[in-house]
Each structure stands twice: as C-alpha cells, then as structure tokens.
Amino acid sequence: SSELTQDPAVSVALGQTVKITCQGDSLTSFYPSWYQQRPGQAPILVIFGKNNRPLGIPDRFSGSSSGTTSSLTITGAQAEDEADYYCNSRDSSGQRVMFGGGTRLTVL
Amino acid sequence: EVQLLESGGGRVLPGGSLKLSCAASGLTLSRYAMTWVRQAPGKGLEWVSAISGNGDRTFYADPVKGRFTISRDNSKNTLYLQMTSLRAEDTALYYCAKGLYPSGTEWDYLDNWGQGTLVTVSS
C-alpha cells in the first residue's frame with residue numbers, strides 16, 4: 001500500500017527505552033527518515049538512512065529496519081524527548097514522498 | 001548557518017490563488033532539492049511537492065497535482081509554490097525544507113526547515 005502507518009501515541013518512563021514504529025510496503029525498498037516535532041516548532045531531522053544521525057542529535061536516538069517495519073528507538077528517554085515523531089519515505093514509485101501519521105510520545 | 005524563510009501566506013477565498021516563497025540563506029540553493037510540506041491545524045505532516053536542484057524534475061502529491069506548481073529561482077536563492085483553485089482542505093501551515101545532500105536529488109531526507117507560512121482558505 002502507498003502509506004506509512006504509525007501508532008498514534010506511545011508513552012515511556014523517564015530514563016527507559018522506547019521504540020516507535022513505522023510500517024509500509026515502501027520500506028522494503030527505501031530507508032525512512034524520522035522527524036521530531038515539539039509543539040509550535042518546525043520538525044527536526046533525527047534519523048535518516050539505515051541509522052544515521054545529523055550533527056547535534058544525541059546518540060540515544062537510533063534507527064533500524066526489518067522488512068516492512070522501520071523503528072526509531074530512544075534509549076534512556078529524557079523529558080525533552082516528549083514530542084510528535086514522524087517517519088517518511090519515498091513511495092513505491094521512488095519519486096514521491098509520504099509521511100506517516102505521526103506518533104505522540106509522552107515521557108512519564 | 002542555513003536559514004529558510006517562508007512568506008506569502010494569508011487568507012484567501014475558495015477557488016482563489018496564492019504564491020508562497022521560501023528565501024534561503026547560508027547555502028547555494030542550486031545544489032539541493034527542495035520540498036514543500038504542509039500541516040493542517042492539529043494534524044500531521046503532509047508532503048506536498050518537491051523539485052530537483054536544477055529544477056528539471058518536479059513531483060506532486062495527488063491532492064495538489066494540477067493545482068499547485070513548484071518552481072525555483074536559483075539566482076535569487078528562492079523556492080516558490082504557486083497555488084491555484086484553493087480549497088478549504090488546503091488550509092495549513094506550509095513549510096519549505098531542504099534536502100540533506102548536495103546532489104540535487106534528495107527530497108526525502110530533509111535537514112533544514114523554515115518556520116512555515118499559514119494559508120487559510122475560507123469564505
């Protein structure tokens with residue numbers, strides 16, 4: 001299917017590990033990128049490709065992929081990680097792009 | 001430091017037109033593919049359109065194809081989005097974003113975003 005599916009909401013206890021998933025057929029062909037968006041702010045790229053972090057992104061953020069599922073893992077979640085997270089990927093044509101519906105992460 | 005500054009948003013009647021601009025600084029725009037992404041109030045991100053670094057390739061999401069036109073003027077370091085036949089469902093904050101690699105063909109890994117310009121389509 002030409003869509004990316006994310007769980008609407010996930011919660012994690014402070015300092016614990018959380019995995020946010022993204023499902024879609026296109027993920028067997030293309031690695032996704034992941035974006036963090038805090039309220040009232042523009043999105044920030046946190047992971048791209050197989051498992052790459054832009055400069056300035058803490059190493060507690062990591063990415064992985066298996067089949068039609070890609071995941072963003074936060075190891076040792078901090079209060080400032082509370083945000084919406086979006087995956088994106090090329091579609092099956094390889095030309096257009098699509099975003100997942102987003103996952104709201106709550107840090108308890 | 002790369003900065004992207006969107007402008008041109010506003011309130012428009014259904015069926016109307018609007019042209020958004022995204023002025024880039026701190027980079028040579030021609031080296032990078034550029035993308036427009038929108039976010040309706042309280043909703044998620046939606047990819048709208050992308051253009052290659054030299055402007056020879058453009059791509060559109062189905063909801064805007066035939067109504068929106070993406071373009072760029074690399075001499076002015078500026079990206080545009082011409083929007084026509086606007087509908088209520090086009091109401092959103094429109095972001096421009098820069099592709100990660102200076103290959104001109106990376107329009108899914110977006111490493112710099114503007115703060116957005118708000119488009120409201122309402123009678």
# chains A, B, ... in the order shown; residues from 1 in each chain; ligands from 1
>>> closest_atom_pairs(of="chain B", to="chain A", cutoff="7 Å", atoms="only C-alpha atoms", output="tab-separated table")
residue	atom	partner	partner_atom	distance
B:Gly44	CA	A:Gly101	CA	5.8
B:Leu45	CA	A:Phe99	CA	6.4
B:Glu46	CA	A:Phe99	CA	6.1
B:Trp47	CA	A:Met98	CA	5.9
B:Phe59	CA	A:Arg96	CA	6.2
B:Tyr60	CA	A:Arg96	CA	6.9
B:Asp108	CA	A:Val97	CA	6.3
B:Tyr109	CA	A:Ser33	CA	5.9
B:Leu110	CA	A:Leu45	CA	6.5
B:Asp111	CA	A:Leu45	CA	5.5
B:Trp113	CA	A:Ala42	CA	6.5
B:Gly114	CA	A:Ala42	CA	6.9
B:Gln115	CA	A:Ala42	CA	5.6
>>> residues_around(residues="region 70-79 of chain B", least_positions_apart="5", cutoff="12 Å", atoms="only C-alpha atoms", output="ChimeraX atom specification")
/B:2-8,19-37,48-61,64-65,84,95-98,114
>>> residues_around(residues="region 5-13 of chain A", least_positions_apart="6", cutoff="8 Å", atoms="only C-alpha atoms", output="ChimeraX atom specification")
/A:20-24,77,100-108
>>> select_by_dssp(residues="chain B", states="helix (DSSP H, G or I)", output="PyMOL selection string")
chain B and resi 29-31+74-76+88-90
>>> write_last_selection(atoms="C-alpha atoms", output="compact mmCIF listing (two decimals), in the first residue's frame")
# COMPACT_ATOMS: atom_id res chain seq x y z
CA LEU B 29 20.34 26.63 -3.22
CA SER B 30 21.00 25.13 -6.66
CA ARG B 31 22.90 22.23 -5.10
CA ASN B 74 18.46 29.68 -8.02
CA SER B 75 19.86 33.11 -8.90
CA LYS B 76 17.68 34.51 -6.11
CA ALA B 88 -10.76 24.56 2.39
CA GLU B 89 -8.72 21.39 2.82
CA ASP B 90 -5.60 23.26 1.67
>>> select_by_dssp(residues="region 5-121 of chain B", states="strand (DSSP E)", output="number ranges by chain")
B: 5-7, 10-12, 18-25, 34-39, 45-51, 58-60, 68-73, 78-83, 92-99, 110-113, 117-121
>>> closest_residue(among="A:Gly15, A:Asp91, A:Ser26, A:Ala83", to="Gly67 (chain A)", atoms="only C-alpha atoms")
A:Ser26
>>> residues_around(residues="region 41-43 of chain B", least_positions_apart="5", cutoff="8 Å", atoms="only C-alpha atoms", output="NGL selection string")
:B and (91-93)
>>> write_last_selection(atoms="N, CA and C atoms", output="compact mmCIF listing (two decimals), in the first residue's frame")
# COMPACT_ATOMS: atom_id res chain seq x y z
N THR B 91 -6.07 24.46 3.74
CA THR B 91 -5.71 25.27 4.91
C THR B 91 -4.66 24.54 5.74
N ALA B 92 -3.53 25.19 5.93
CA ALA B 92 -2.41 24.54 6.63
C ALA B 92 -1.27 25.52 6.81
N LEU B 93 -0.33 25.12 7.65
CA LEU B 93 0.97 25.78 7.75
C LEU B 93 1.87 25.12 6.71
>>> decode(residues="region 56-88 of chain A", atoms="C-alpha atoms", output="PDB file, in the first residue's frame")
ATOM      1  CA  GLY A  56      23.719  17.639  17.165  1.00  0.00           C
ATOM      2  CA  ILE A  57      21.260  14.771  17.584  1.00  0.00           C
ATOM      3  CA  PRO A  58      22.003  12.805  20.775  1.00  0.00           C
ATOM      4  CA  ASP A  59      23.208   9.234  20.364  1.00  0.00           C
ATOM      5  CA  ARG A  60      20.257   7.946  22.390  1.00  0.00           C
ATOM      6  CA  PHE A  61      18.347   8.161  19.083  1.00  0.00           C
ATOM      7  CA  SER A  62      18.815   5.233  16.709  1.00  0.00           C
ATOM      8  CA  GLY A  63      17.048   3.667  13.757  1.00  0.00           C
ATOM      9  CA  SER A  64      16.537   0.169  12.423  1.00  0.00           C
ATOM     10  CA  SER A  65      14.575  -1.566   9.696  1.00  0.00           C
ATOM     11  CA  SER A  66      13.304  -5.073   9.028  1.00  0.00           C
ATOM     12  CA  GLY A  67      11.029  -5.883   6.138  1.00  0.00           C
ATOM     13  CA  THR A  68       8.073  -3.534   6.037  1.00  0.00           C
ATOM     14  CA  THR A  69       8.757  -2.087   9.503  1.00  0.00           C
ATOM     15  CA  SER A  70      11.208   0.621  10.486  1.00  0.00           C
ATOM     16  CA  SER A  71      11.761   1.771  14.037  1.00  0.00           C
ATOM     17  CA  LEU A  72      13.071   4.769  15.899  1.00  0.00           C
ATOM     18  CA  THR A  73      14.484   3.823  19.294  1.00  0.00           C
ATOM     19  CA  ILE A  74      15.192   6.237  22.117  1.00  0.00           C
ATOM     20  CA  THR A  75      17.455   4.646  24.712  1.00  0.00           C
ATOM     21  CA  GLY A  76      17.143   6.447  28.024  1.00  0.00           C
ATOM     22  CA  ALA A  77      14.299   8.814  27.172  1.00  0.00           C
ATOM     23  CA  GLN A  78      14.567  12.344  28.529  1.00  0.00           C
ATOM     24  CA  ALA A  79      11.814  14.805  29.336  1.00  0.00           C
ATOM     25  CA  GLU A  80      12.805  16.914  26.325  1.00  0.00           C
ATOM     26  CA  ASP A  81      12.110  13.955  24.024  1.00  0.00           C
ATOM     27  CA  GLU A  82       8.386  14.403  24.583  1.00  0.00           C
ATOM     28  CA  ALA A  83       7.172  15.352  21.108  1.00  0.00           C
ATOM     29  CA  ASP A  84       5.480  14.109  17.964  1.00  0.00           C
ATOM     30  CA  TYR A  85       7.578  11.822  15.780  1.00  0.00           C
ATOM     31  CA  TYR A  86       7.050  11.282  12.066  1.00  0.00           C
ATOM     32  CA  CYS A  87       8.589   8.833   9.650  1.00  0.00           C
ATOM     33  CA  ASN A  88       8.797   9.482   5.932  1.00  0.00           C
TER      34      ASN A  88
END
